[in-house]
file target13.txt (compact mmCIF, C-alpha atoms)
# COMPACT_ATOMS: atom_id res chain seq x y z
CA MET A 22 110.70 25.42 99.39
CA LYS A 23 113.99 27.05 100.23
CA ILE A 24 114.32 28.29 96.64
CA ARG A 25 110.86 29.85 96.82
CA ARG A 26 111.81 31.77 99.96
CA ILE A 27 114.97 33.05 98.32
CA VAL A 28 113.03 34.14 95.22
CA SER A 29 110.39 35.82 97.40
CA LEU A 30 113.03 37.70 99.39
CA PHE A 31 114.70 38.77 96.16
CA LEU A 32 111.46 40.09 94.67
CA LEU A 33 110.59 41.81 97.95
CA SER A 34 113.98 43.55 98.01
CA ILE A 35 113.45 44.74 94.42
CA LEU A 36 110.00 46.07 95.35
CA MET A 37 111.33 47.92 98.42
CA THR A 38 114.17 49.39 96.38
CA GLY A 39 111.68 50.58 93.77
CA LEU A 40 109.59 52.23 96.45
CA LEU A 41 112.60 53.96 97.92
CA LEU A 42 113.68 55.18 94.51
CA THR A 43 110.21 56.38 93.49
CA PRO A 44 110.55 60.11 92.83
CA GLN A 45 108.83 62.29 95.40
CA ALA A 46 106.78 65.40 94.61
CA ALA A 47 109.01 67.93 92.92
CA ALA A 48 110.49 70.48 95.29
CA LEU A 49 110.12 74.17 94.57
CA GLU A 50 112.29 75.09 91.62
CA ALA A 51 115.29 77.23 92.51
CA ILE A 52 115.69 80.39 90.48
CA ASP A 53 117.95 83.41 90.45
CA ALA A 54 116.86 86.23 88.17
CA LYS A 55 119.54 87.85 86.04
CA ALA A 56 118.71 91.33 87.31
CA THR A 57 120.04 93.65 89.98
CA ALA A 58 116.53 93.68 91.46
CA ALA A 59 113.45 91.63 90.68
CA LEU A 60 109.98 90.98 92.03
CA LEU A 61 107.17 88.58 91.11
CA VAL A 62 103.80 89.03 92.81
CA ASP A 63 100.51 87.20 92.46
CA LEU A 64 97.98 90.01 92.25
CA ASP A 65 95.32 87.97 94.08
CA GLY A 66 96.24 88.73 97.68
CA ASP A 67 99.56 90.46 96.90
CA ILE A 68 101.46 87.20 97.35
CA VAL A 69 105.19 87.58 96.74
CA LEU A 70 106.39 84.57 94.74
CA TYR A 71 109.93 85.80 94.18
CA GLY A 72 112.00 88.72 95.38
CA LYS A 73 115.55 89.86 94.85
CA ASN A 74 116.73 93.18 96.30
CA GLU A 75 113.16 94.34 95.88
CA HIS A 76 113.45 97.12 98.47
CA GLU A 77 116.80 98.49 97.28
CA LYS A 78 116.85 101.90 95.61
CA ARG A 79 117.40 101.63 91.86
CA TYR A 80 117.14 103.85 88.80
CA PRO A 81 113.82 103.17 87.01
CA ALA A 82 114.46 104.84 83.64
CA SER A 83 111.21 105.17 81.64
CA ILE A 84 109.21 103.01 84.03
CA THR A 85 108.79 106.43 85.65
CA LYS A 86 106.15 107.09 83.00
CA VAL A 87 103.74 104.71 84.74
CA MET A 88 103.41 107.25 87.55
CA THR A 89 103.18 110.14 85.08
CA ALA A 90 100.38 108.41 83.16
CA LEU A 91 98.60 107.52 86.42
CA LEU A 92 98.44 111.17 87.50
CA VAL A 93 97.23 112.29 84.06
CA LEU A 94 94.45 109.69 84.06
CA GLU A 95 93.49 110.58 87.63
CA ALA A 96 93.19 114.21 86.46
CA VAL A 97 90.89 112.94 83.70
CA ASP A 98 88.78 111.04 86.24
CA GLU A 99 88.57 114.18 88.37
CA GLY A 100 87.39 116.27 85.40
CA LYS A 101 90.49 118.49 85.22
CA LEU A 102 91.24 117.08 81.76
CA SER A 103 89.49 114.98 79.16
CA LEU A 104 90.98 112.39 76.82
CA THR A 105 89.72 114.30 73.79
CA GLN A 106 91.04 117.62 75.04
CA GLU A 107 93.68 119.14 72.74
CA ILE A 108 96.93 120.26 74.34
CA THR A 109 99.48 122.52 72.66
CA ALA A 110 103.12 121.77 73.42
CA SER A 111 104.93 124.75 74.99
CA LYS A 112 108.62 125.54 74.54
CA SER A 113 109.20 125.09 78.28
CA ALA A 114 108.09 121.44 78.03
CA PHE A 115 111.24 120.62 76.03
CA LYS A 116 113.65 122.16 78.52
CA GLY A 117 116.28 119.71 79.77
CA LEU A 118 115.30 116.86 77.45
CA ASP A 119 118.03 114.66 75.99
CA PRO A 120 118.01 115.19 72.21
CA ASP A 121 118.97 111.53 71.82
CA GLY A 122 116.28 110.30 74.19
CA SER A 123 113.12 108.52 73.14
CA SER A 124 110.65 110.81 71.41
CA ALA A 125 107.53 110.93 69.27
CA GLY A 126 108.88 113.90 67.35
CA ILE A 127 106.42 116.38 68.80
CA GLU A 128 107.43 120.02 68.30
CA PRO A 129 106.73 123.20 70.29
CA GLY A 130 103.40 124.61 69.19
CA GLU A 131 102.08 121.24 68.03
CA THR A 132 98.59 120.34 69.18
CA MET A 133 97.50 116.81 70.10
CA THR A 134 94.78 115.25 72.27
CA VAL A 135 95.55 114.01 75.77
CA GLU A 136 94.75 110.44 74.69
CA ASN A 137 97.14 110.52 71.73
CA MET A 138 99.90 111.95 73.92
CA LEU A 139 99.36 109.07 76.34
CA TYR A 140 99.79 106.63 73.47
CA CYS A 141 103.04 108.37 72.53
CA MET A 142 104.17 108.22 76.16
CA LEU A 143 103.38 104.57 76.88
CA LEU A 144 104.00 102.93 73.50
CA VAL A 145 107.17 104.63 72.26
CA SER A 146 108.19 106.22 75.59
CA ALA A 147 108.13 109.80 74.29
CA ASN A 148 109.85 111.99 76.87
CA GLU A 149 108.39 115.27 75.65
CA THR A 150 104.80 114.13 76.20
CA CYS A 151 105.50 113.69 79.92
CA ASN A 152 106.36 117.35 80.37
CA ILE A 153 103.58 118.55 78.08
CA LEU A 154 100.96 116.62 80.05
CA ALA A 155 102.56 117.60 83.38
CA GLU A 156 102.03 121.26 82.51
CA ALA A 157 98.43 120.52 81.54
CA VAL A 158 97.75 118.86 84.90
CA ASP A 159 99.62 121.09 87.36
CA GLY A 160 100.69 124.18 85.43
CA ASP A 161 104.42 123.46 85.42
CA VAL A 162 106.79 120.51 85.61
CA PRO A 163 108.25 121.10 89.13
CA THR A 164 104.77 121.21 90.65
CA PHE A 165 103.87 118.00 88.83
CA VAL A 166 107.03 116.29 90.11
CA GLU A 167 106.01 117.24 93.66
CA HIS A 168 102.63 115.72 92.83
CA MET A 169 104.39 112.51 91.75
CA ASN A 170 106.29 112.23 95.03
CA ARG A 171 103.19 112.98 97.07
CA ARG A 172 101.19 110.32 95.23
CA ALA A 173 104.00 107.79 95.64
CA GLU A 174 103.92 108.36 99.38
CA GLU A 175 100.14 107.89 99.41
CA LEU A 176 100.58 104.54 97.66
CA GLY A 177 102.99 103.36 100.36
CA CYS A 178 106.24 103.85 98.44
CA LYS A 179 109.10 104.18 100.92
CA ASP A 180 112.14 104.02 98.63
CA THR A 181 111.07 106.41 95.88
CA HIS A 182 111.98 109.95 94.92
CA PHE A 183 111.17 111.43 91.54
CA ALA A 184 113.23 114.28 90.08
CA ASN A 185 111.56 114.43 86.66
CA THR A 186 108.52 113.18 84.76
CA ASN A 187 110.17 110.81 82.28
CA GLY A 188 112.98 108.86 83.93
CA LEU A 189 115.99 110.52 82.30
CA HIS A 190 118.92 109.82 84.57
CA ASP A 191 119.27 111.91 87.70
CA PRO A 192 121.09 110.76 90.88
CA ASN A 193 118.09 111.91 92.92
CA HIS A 194 115.61 110.02 90.76
CA TYR A 195 115.17 106.50 92.14
CA THR A 196 112.69 103.89 93.26
CA SER A 197 112.59 100.16 94.08
CA ALA A 198 111.09 97.06 92.51
CA TRP A 199 108.52 96.93 95.30
CA ASP A 200 107.51 100.57 94.89
CA ILE A 201 107.20 100.10 91.12
CA TYR A 202 104.83 97.21 91.85
CA LEU A 203 102.71 99.44 94.11
CA ILE A 204 102.48 102.15 91.43
CA ALA A 205 101.77 99.68 88.60
CA ARG A 206 99.13 97.88 90.66
CA GLU A 207 97.29 101.18 91.13
CA ALA A 208 97.64 102.17 87.46
CA MET A 209 96.29 98.77 86.34
CA LYS A 210 92.95 99.63 87.95
CA ASN A 211 92.44 102.21 85.20
CA GLU A 212 90.94 100.63 82.07
CA THR A 213 92.31 103.33 79.76
CA PHE A 214 95.81 102.77 81.09
CA MET A 215 95.67 99.03 80.40
CA THR A 216 94.06 99.54 77.00
CA ILE A 217 96.96 101.74 75.94
CA CYS A 218 99.63 99.50 77.49
CA ASN A 219 98.21 96.45 75.73
CA THR A 220 98.14 98.15 72.34
CA ILE A 221 100.66 96.71 69.90
CA ALA A 222 100.37 99.37 67.20
CA TYR A 223 98.55 102.69 67.03
CA GLU A 224 98.21 105.50 64.53
CA VAL A 225 98.21 109.07 65.78
CA PRO A 226 96.21 111.25 63.36
CA ALA A 227 97.90 114.11 61.57
CA THR A 228 98.38 117.28 63.60
CA ASN A 229 98.99 120.92 62.78
CA LYS A 230 102.72 120.15 62.45
CA SER A 231 102.97 116.52 61.46
CA GLU A 232 101.52 113.83 59.28
CA ALA A 233 100.01 110.75 60.91
CA ARG A 234 102.41 108.83 63.18
CA GLU A 235 102.61 105.03 63.35
CA LEU A 236 103.47 103.86 66.87
CA HIS A 237 104.68 100.38 67.88
CA THR A 238 105.06 99.22 71.47
CA THR A 239 108.54 98.76 72.94
CA ASN A 240 107.32 95.75 74.95
CA SER A 241 108.52 92.61 73.18
CA LEU A 242 106.52 90.35 75.48
CA ILE A 243 103.40 91.40 73.56
CA SER A 244 104.82 92.34 70.15
CA ASN A 245 107.53 90.99 67.87
CA TRP A 246 107.58 94.10 65.67
CA ARG A 247 110.90 95.32 67.11
CA ILE A 248 112.52 92.08 68.34
CA LEU A 249 111.66 88.46 67.66
CA GLY A 250 111.59 85.64 70.16
CA TYR A 251 110.10 87.13 73.34
CA LEU A 252 106.33 86.86 72.89
CA TYR A 253 104.79 85.47 76.08
CA ASP A 254 101.35 83.87 76.15
CA GLY A 255 99.06 85.85 78.44
CA ALA A 256 101.38 88.87 78.80
CA SER A 257 99.90 92.36 78.99
CA GLY A 258 101.64 95.74 79.28
CA ILE A 259 103.12 97.52 81.02
CA LYS A 260 106.28 99.60 80.47
CA THR A 261 109.90 99.26 79.42
CA GLY A 262 112.78 101.49 80.45
CA THR A 263 116.44 101.76 79.49
CA THR A 264 119.33 104.05 80.34
CA ASP A 265 123.04 103.37 80.70
CA GLU A 266 122.78 103.82 84.46
CA ALA A 267 119.53 101.86 84.96
CA GLY A 268 120.17 99.05 82.47
CA HIS A 269 117.21 97.33 80.85
CA CYS A 270 114.08 97.50 83.02
CA LEU A 271 110.57 96.16 82.60
CA VAL A 272 107.34 96.06 84.57
CA SER A 273 104.76 93.74 83.05
CA SER A 274 101.86 91.45 83.87
CA ALA A 275 100.67 88.07 82.67
CA SER A 276 97.48 86.08 83.22
CA ARG A 277 96.88 82.35 83.08
CA HIS A 278 94.21 80.02 84.52
CA GLY A 279 92.51 82.87 86.35
CA ARG A 280 95.70 84.14 87.96
CA THR A 281 97.45 87.44 87.23
CA LEU A 282 101.10 87.98 88.05
CA ILE A 283 103.05 91.23 88.03
CA CYS A 284 106.77 91.13 87.33
CA VAL A 285 109.41 93.84 87.82
CA VAL A 286 113.01 93.43 86.67
CA LEU A 287 115.61 96.19 87.00
CA GLY A 288 119.20 96.46 85.86
CA CYS A 289 119.14 93.67 83.29
CA LYS A 290 121.76 93.34 80.59
CA GLY A 291 121.06 93.68 76.91
CA GLU A 292 122.97 93.76 73.67
CA GLY A 293 121.42 93.82 70.23
CA ASP A 294 118.35 91.64 70.25
CA ALA A 295 119.43 89.78 73.40
CA ILE A 296 117.48 91.74 76.02
CA GLU A 297 117.41 89.97 79.39
CA SER A 298 114.60 92.10 80.77
CA PHE A 299 112.25 90.20 78.44
CA SER A 300 113.77 86.73 78.81
CA GLU A 301 114.05 87.00 82.62
CA SER A 302 110.48 88.24 82.95
CA ALA A 303 109.29 85.24 80.92
CA ARG A 304 111.39 82.90 83.07
CA LEU A 305 109.92 84.38 86.24
CA TYR A 306 106.40 84.01 84.88
CA ASP A 307 107.05 80.34 84.11
CA TYR A 308 108.39 79.93 87.63
CA GLY A 309 105.32 81.53 89.15
CA PHE A 310 102.75 79.67 87.07
CA ASN A 311 104.48 76.27 87.23
CA ASN A 312 105.49 76.16 90.89
CA PHE A 313 102.60 77.89 92.65
CA SER A 314 98.89 77.22 92.63
CA SER A 315 95.70 78.18 94.41
CA GLN A 316 95.09 75.62 97.14
CA ILE A 317 92.26 75.10 99.63
CA ILE A 318 93.87 75.33 103.05
CA LEU A 319 90.67 75.54 105.15
CA GLU A 320 87.27 74.03 104.49
CA GLU A 321 84.08 75.63 105.72
CA ASN A 322 82.89 72.46 107.46
CA GLU A 323 86.17 71.91 109.34
CA MET A 324 85.74 72.04 113.12
CA ILE A 325 88.57 74.25 114.39
CA GLN A 326 88.18 74.17 118.17
CA GLU A 327 85.80 74.53 121.11
CA VAL A 328 85.30 77.95 122.68
CA PRO A 329 84.32 78.06 126.38
CA VAL A 330 80.81 79.41 127.01
CA ALA A 331 79.44 81.24 130.06
CA LEU A 332 75.85 82.04 131.18
CA SER A 333 74.47 78.75 129.86
CA LYS A 334 73.37 75.70 131.83
CA GLU A 335 73.11 73.54 128.67
CA ASN A 336 76.56 73.99 127.08
CA SER A 337 79.96 74.75 128.51
CA ALA A 338 81.52 75.23 125.05
CA VAL A 339 80.64 75.82 121.40
CA VAL A 340 82.48 74.55 118.31
CA VAL A 341 83.67 77.10 115.73
CA HIS A 342 84.35 76.64 112.00
CA PRO A 343 85.64 78.87 109.16
CA ALA A 344 83.12 81.22 107.56
CA ASN A 345 84.01 79.83 104.12
CA ASP A 346 86.48 77.72 102.20
CA VAL A 347 89.84 79.50 102.34
CA THR A 348 92.29 79.36 99.46
CA ALA A 349 95.83 80.67 99.14
CA ILE A 350 98.57 80.80 96.53
CA LEU A 351 101.23 78.41 97.77
CA PRO A 352 104.10 76.32 96.41
CA ASN A 353 102.86 73.08 94.88
CA ASP A 354 104.93 70.99 97.29
CA VAL A 355 103.69 72.62 100.49
CA LYS A 356 102.38 70.25 103.17
CA PRO A 357 99.68 70.88 105.81
CA GLU A 358 102.29 70.70 108.56
CA ASP A 359 104.18 73.55 106.87
CA LEU A 360 101.28 75.90 107.56
CA GLU A 361 100.98 77.72 110.86
CA ARG A 362 97.55 78.45 112.31
CA THR A 363 96.92 81.38 114.63
CA ILE A 364 93.52 81.63 116.34
CA THR A 365 92.35 84.90 117.85
CA LEU A 366 89.08 84.82 119.80
CA ASN A 367 86.92 87.90 120.34
CA ASN A 368 86.69 86.79 123.98
CA GLU A 369 88.39 83.90 125.73
CA THR A 370 84.93 82.90 126.97
CA ALA A 371 81.88 83.48 124.78
CA LEU A 372 78.72 84.69 126.47
CA ALA A 373 75.38 83.02 125.83
CA PRO A 374 73.02 83.43 124.09
CA ILE A 375 74.92 82.48 120.93
CA ALA A 376 73.32 81.97 117.53
CA ALA A 377 74.73 79.64 114.89
CA GLY A 378 76.85 81.79 112.57
CA ASP A 379 77.88 84.36 115.17
CA VAL A 380 81.49 85.51 114.68
CA LEU A 381 83.50 84.41 117.70
CA GLY A 382 87.03 84.92 116.38
CA LYS A 383 89.44 84.73 113.48
CA ILE A 384 91.92 82.20 112.14
CA THR A 385 95.07 83.24 110.28
CA ILE A 386 97.18 80.89 108.16
CA SER A 387 100.87 81.65 107.67
CA TYR A 388 103.51 80.01 105.53
CA ASP A 389 107.22 80.58 105.91
CA GLY A 390 106.57 83.44 108.33
CA ARG A 391 104.16 85.23 105.98
CA GLU A 392 100.40 85.53 106.40
CA CYS A 393 98.71 84.03 103.38
CA ALA A 394 95.02 83.75 104.33
CA SER A 395 92.49 84.37 107.09
CA ALA A 396 88.83 83.73 107.88
CA ASP A 397 86.25 84.52 110.53
CA LEU A 398 85.37 81.73 112.95
CA LEU A 399 81.64 81.11 113.32
CA ALA A 400 79.62 79.30 115.98
CA GLN A 401 78.47 75.90 114.77
CA TYR A 402 75.14 75.86 116.67
CA ASP A 403 72.87 77.87 118.96
CA VAL A 404 73.59 78.10 122.69
CA SER A 405 70.78 79.34 124.95
CA ALA A 406 71.37 81.48 128.04
CA SER A 407 70.22 80.91 131.62
CA ARG A 408 68.06 83.80 132.85
CA PHE A 409 69.37 83.49 136.42
CA LEU A 410 73.02 83.43 135.33
CA THR A 411 72.40 86.31 132.94
CA VAL A 412 70.83 88.51 135.62
CA LYS A 413 73.60 87.61 138.06
CA TYR A 414 76.21 88.48 135.45
CA GLN A 415 74.51 91.79 134.64
CA ILE A 416 74.44 92.75 138.32
CA ILE A 417 78.12 91.90 138.71
CA GLN A 418 78.98 93.84 135.57
CA PHE A 419 76.95 96.80 136.80
CA PHE A 420 78.92 96.98 140.01
CA HIS A 421 82.19 96.65 138.08
CA LYS A 422 81.54 99.91 136.24
CA THR A 423 83.88 102.69 137.30
CA TRP A 424 81.22 105.31 137.89
CA VAL A 425 79.20 102.89 140.02
CA GLN A 426 82.24 102.08 142.14
CA VAL A 427 83.00 105.80 142.53
CA VAL A 428 79.42 106.45 143.68
CA LEU A 429 79.61 103.54 146.14
CA VAL A 430 82.87 104.86 147.61
CA LEU A 431 81.33 108.32 147.98
CA LEU A 432 78.25 106.84 149.66
CA ILE A 433 80.43 104.88 152.07
CA ILE A 434 82.44 108.00 152.90
CA LEU A 435 79.20 109.93 153.41
CA ALA A 436 77.81 107.20 155.66
CA ILE A 437 80.98 107.20 157.77
CA ALA A 438 80.85 110.97 158.05
CA ILE A 439 77.21 110.88 159.17
CA PHE A 440 78.00 108.16 161.68
CA VAL A 441 80.89 110.14 163.15
CA TRP A 442 78.77 113.28 163.32
CA VAL A 443 75.94 111.49 165.07
CA LYS A 444 78.27 109.62 167.43
CA PHE A 445 80.31 112.55 168.63
CA PHE A 446 78.95 115.95 167.72
CA ARG A 447 75.29 115.39 168.65
CA ARG A 448 76.30 113.71 171.90
CA ASN A 449 78.34 116.72 172.85
CA ARG A 450 75.40 118.97 172.14
CA ARG A 451 73.15 116.82 174.33
CA TYR A 452 75.42 116.34 177.31
CA GLY A 453 77.89 119.09 176.59
CA GLY A 454 78.19 122.24 178.88
CA ARG A 455 77.35 122.37 182.62
CA ARG A 456 75.20 125.05 184.00
CA PRO A 457 77.17 128.06 185.21
CA GLN A 458 78.23 128.04 188.99
CA TYR A 459 78.20 131.14 191.13
CA LYS A 460 81.18 131.79 193.35
CA GLY A 461 80.73 133.34 196.88
CA ARG A 462 77.57 133.87 198.89
CA ARG A 463 74.55 135.65 197.74
CA SER A 464 73.76 138.78 199.87
CA TYR A 465 70.46 138.78 201.75
CA ARG A 466 68.62 141.88 202.00
CA GLY A 467 65.89 141.79 204.72
CA HIS A 468 63.46 144.39 205.74
CA ARG A 469 64.70 146.98 208.06
CA ARG A 470 62.95 147.31 211.26

call {"tool": "encode", "arguments": {"input": "target13.txt", "output": "structure tokens"}}
result
Amino acid sequence: MKIRRIVSLFLLSILMTGLLLTPQAAALEAIDAKATAALLVDLDGDIVLYGKNEHEKRYPASITKVMTALLVLEAVDEGKLSLTQEITASKSAFKGLDPDGSSAGIEPGETMTVENMLYCMLLVSANETCNILAEAVDGDVPTFVEHMNRRAEELGCKDTHFANTNGLHDPNHYTSAWDIYLIAREAMKNETFMTICNTIAYEVPATNKSEARELHTTNSLISNWRILGYLYDGASGIKTGTTDEAGHCLVSSASRHGRTLICVVLGCKGEGDAIESFSESARLYDYGFNNFSSQIILEENEMIQEVPVALSKENSAVVVHPANDVTAILPNDVKPEDLERTITLNNETALAPIAAGDVLGKITISYDGRECASADLLAQYDVSASRFLTVKYQIIQFFHKTWVQVVLVLLIILAIAIFVWVKFFRRNRRYGGRRPQYKGRRSYRGHRR
């Protein structure tokens, strides 16, 4: 018997040890992007999954061309240009360009359609096309650059100033990872923009000064034509950029399981075929897809709280619930207690009558100090109103109106004035002055005899 107890205790200790050593749910993976600035955002709800110096001013290099292309395509949408419209390159468009910079080999006097120039701009990062199209949109390059800065401000960019159309280095030409995200997010709404950015290879037809051109994208996340080893499943667009001062930069997007992420990396290192802007973007995408997921954090049938009710004899409160199931992109290891709920009621006390489905407030869910989801709060059932209490309330509310109170005060003042007038002034008129008295004797005049 004693041996059995010892064996039982031994087995129990092994079981408890196994339970204690059972691995818990994996904590959020730590990551540090090899970039001077980086940003990873889930496009559904603008959820920031990773940020590093994302609001610091940095040189964007040719990522600038995302804004240039956006303005050109907006001009197309407005009817100022058309994609099939032919544009002739002026000599002024080549002023100030670096002869060693990226180019499609377009020459002054060469004619090409707007669409083909956009392909040259976004696939092989042709600097000259930026100025050529800028002149087509706004007449001259300086005016177009002002247009770029104005549009950036409209998009909410606070750390951006453009000095040129193409991203060639200029100390006064800068932006931030966050601002690049804002610009790219807007550009991605344009189908033509994304079609061009997702193109791996494209042939520009022969022009008046050139034979047909074969273009290949500079984005190695979607093409291995230039460099092998960086293809990323689900990647799409958007734009590369490289200068000595900016380093290797990339803004891109990737989709998987119904989610779309946007990644910005600035100031990455690169030598030969080892380009960290591609490898770090892929690593950030893996981080975002593997460690975050869409989770239901509120269910429509969940009873949130009771809201006090007035003007009803049947109910003193009504229960509210979310208008719908609420989902949010959150770390896989998040727990319900990690989420903070904030309830804002339209009124601290709801007034009857109330119909089921009436919006009585709002619930906001926050995680780690950041709002991640919200929903209206609806009444669960009908609440009827008491006619007597309603009339009483309406009378009280009527007399609480400012103009009514002003009128009442004026009437009171008028009543007091009338009372005073009646009390004093009319009394004086009634009992006021005595009849005049005659001093001395009256003379008597008799008849003379």

call {"tool": "residues_around", "arguments": {"input": "target13.txt", "residues": "A:Asn367", "least_positions_apart": "6", "cutoff": "12 Å", "atoms": "all atoms listed in the file", "output": "PyMOL selection string"}}
result
chain A and resi 328-329+379-384+397-399

call {"tool": "residues_around", "arguments": {"input": "target13.txt", "residues": "stretch 174-190 of chain A", "least_positions_apart": "4", "cutoff": "10 Å", "atoms": "only C-alpha atoms", "output": "NGL selection string"}}
result
:A and (76-90 or 117-119 or 122-123 or 142 or 146-155 or 162-163 or 165-170 or 194-204 or 206-207 or 262-267)

call {"tool": "atom_distance", "arguments": {"input": "target13.txt", "atom1": "atom CA of A:Gly293", "atom2": "atom CA of A:Glu75"}}
result
27.0 Å

call {"tool": "closest_residue", "arguments": {"input": "target13.txt", "among": "A:Ser314, A:Ser387, A:Thr363, A:Ser257", "to": "A:Phe214", "atoms": "only C-alpha atoms"}}
result
A:Ser257

call {"tool": "closest_residue", "arguments": {"input": "target13.txt", "among": "A:Ile437, A:Ile364, A:Leu252, A:Val341", "to": "A:Asp403", "atoms": "all atoms listed in the file"}}
result
A:Val341

call {"tool": "residues_near_point", "arguments": {"input": "target13.txt", "point": "(90.5, 77.4, 102.7)", "cutoff": "9 Å", "atoms": "only C-alpha atoms", "output": "list in words"}}
result
Gln316, Ile317, Ile318, Leu319, Glu320, Glu321, Pro343, Asn345, Asp346, Val347, Thr348, Ala349, Ala394, Ser395 and Ala396 of chain A

call {"tool": "atom_distance", "arguments": {"input": "target13.txt", "atom1": "atom CA of A:Arg362", "atom2": "atom CA of A:Val340"}}
result
16.7 Å

call {"tool": "atom_distance", "arguments": {"input": "target13.txt", "atom1": "atom CA of A:Val285", "atom2": "atom CA of A:Leu61"}}
result
6.6 Å

call {"tool": "residues_around", "arguments": {"input": "target13.txt", "residues": "stretch 93-106 of chain A", "least_positions_apart": "5", "cutoff": "8 Å", "atoms": "all atoms listed in the file", "output": "list in words"}}
result
Thr134, Val135, Glu136, Leu154, Ala155, Ala157, Val158, Asn211, Thr213 and Phe214 of chain A

call {"tool": "closest_residue", "arguments": {"input": "target13.txt", "among": "A:Met209, A:Ala58, A:Met138, A:Ile221", "to": "A:Glu107", "atoms": "only C-alpha atoms"}}
result
A:Met138

call {"tool": "closest_residue", "arguments": {"input": "target13.txt", "among": "A:Ala222, A:Gln415, A:Ala51, A:Arg408", "to": "A:Arg234", "atoms": "all atoms listed in the file"}}
result
A:Ala222

call {"tool": "axis_aligned_box", "arguments": {"input": "target13.txt", "around": "stretch 174-187 of chain A", "padding_each_side": "5 Å", "output": "lines of an AutoDock Vina configuration file"}}
result
center_x = 106.7
center_y = 108.9
center_z = 91.6
size_x = 23.1
size_y = 21.1
size_z = 28.6

call {"tool": "residues_near_point", "arguments": {"input": "target13.txt", "point": "(103.0, 87.7, 81.9)", "cutoff": "7 Å", "atoms": "all atoms listed in the file", "output": "list in words"}}
result
Tyr253, Gly255, Ala256, Ser257, Ser273, Ser274, Ala275, Ser276, Leu282, Ala303 and Tyr306 of chain A

call {"tool": "closest_residue", "arguments": {"input": "target13.txt", "among": "A:Asn322, A:Asn137, A:Thr281, A:Asn229", "to": "A:Val62", "atoms": "only C-alpha atoms"}}
result
A:Thr281

call {"tool": "closest_residue", "arguments": {"input": "target13.txt", "among": "A:Ala331, A:Leu287, A:Ile243, A:Leu249", "to": "A:Ala54", "atoms": "all atoms listed in the file"}}
result
A:Leu287

call {"tool": "residues_around", "arguments": {"input": "target13.txt", "residues": "A:Ile52", "least_positions_apart": "6", "cutoff": "9 Å", "atoms": "all atoms listed in the file", "output": "list in words"}}
result
Tyr71, Arg304, Leu305 and Tyr308 of chain A

call {"tool": "decode", "arguments": {"input": "target13.txt", "residues": "stretch 207-216 of chain A", "atoms": "N, CA, C and O atoms", "output": "PDB file, in the first residue's frame"}}
result
ATOM      1  N   GLU A 207      -3.362  56.347 -51.161  1.00  0.00           N
ATOM      2  CA  GLU A 207      -4.234  57.079 -52.078  1.00  0.00           C
ATOM      3  C   GLU A 207      -4.017  56.622 -53.522  1.00  0.00           C
ATOM      4  O   GLU A 207      -4.979  56.439 -54.275  1.00  0.00           O
ATOM      5  N   ALA A 208      -2.747  56.457 -53.899  1.00  0.00           N
ATOM      6  CA  ALA A 208      -2.448  56.042 -55.284  1.00  0.00           C
ATOM      7  C   ALA A 208      -2.996  54.647 -55.573  1.00  0.00           C
ATOM      8  O   ALA A 208      -3.420  54.360 -56.707  1.00  0.00           O
ATOM      9  N   MET A 209      -3.002  53.773 -54.571  1.00  0.00           N
ATOM     10  CA  MET A 209      -3.484  52.401 -54.780  1.00  0.00           C
ATOM     11  C   MET A 209      -4.960  52.335 -55.119  1.00  0.00           C
ATOM     12  O   MET A 209      -5.440  51.323 -55.645  1.00  0.00           O
ATOM     13  N   LYS A 210      -5.698  53.408 -54.856  1.00  0.00           N
ATOM     14  CA  LYS A 210      -7.123  53.434 -55.195  1.00  0.00           C
ATOM     15  C   LYS A 210      -7.331  53.527 -56.704  1.00  0.00           C
ATOM     16  O   LYS A 210      -8.427  53.248 -57.184  1.00  0.00           O
ATOM     17  N   ASN A 211      -6.281  53.930 -57.426  1.00  0.00           N
ATOM     18  CA  ASN A 211      -6.379  54.085 -58.870  1.00  0.00           C
ATOM     19  C   ASN A 211      -5.991  52.784 -59.556  1.00  0.00           C
ATOM     20  O   ASN A 211      -4.863  52.297 -59.407  1.00  0.00           O
ATOM     21  N   GLU A 212      -6.905  52.197 -60.306  1.00  0.00           N
ATOM     22  CA  GLU A 212      -6.665  50.891 -60.932  1.00  0.00           C
ATOM     23  C   GLU A 212      -5.517  50.953 -61.938  1.00  0.00           C
ATOM     24  O   GLU A 212      -4.721  50.010 -62.031  1.00  0.00           O
ATOM     25  N   THR A 213      -5.428  52.042 -62.688  1.00  0.00           N
ATOM     26  CA  THR A 213      -4.348  52.165 -63.672  1.00  0.00           C
ATOM     27  C   THR A 213      -2.996  52.175 -62.988  1.00  0.00           C
ATOM     28  O   THR A 213      -2.033  51.540 -63.455  1.00  0.00           O
ATOM     29  N   PHE A 214      -2.910  52.869 -61.866  1.00  0.00           N
ATOM     30  CA  PHE A 214      -1.659  52.932 -61.116  1.00  0.00           C
ATOM     31  C   PHE A 214      -1.220  51.532 -60.708  1.00  0.00           C
ATOM     32  O   PHE A 214      -0.058  51.143 -60.909  1.00  0.00           O
ATOM     33  N   MET A 215      -2.137  50.752 -60.135  1.00  0.00           N
ATOM     34  CA  MET A 215      -1.779  49.422 -59.666  1.00  0.00           C
ATOM     35  C   MET A 215      -1.499  48.468 -60.825  1.00  0.00           C
ATOM     36  O   MET A 215      -0.640  47.593 -60.722  1.00  0.00           O
ATOM     37  N   THR A 216      -2.202  48.641 -61.928  1.00  0.00           N
ATOM     38  CA  THR A 216      -1.924  47.810 -63.104  1.00  0.00           C
ATOM     39  C   THR A 216      -0.492  48.011 -63.569  1.00  0.00           C
ATOM     40  O   THR A 216       0.233  47.046 -63.866  1.00  0.00           O
TER      41      THR A 216
END
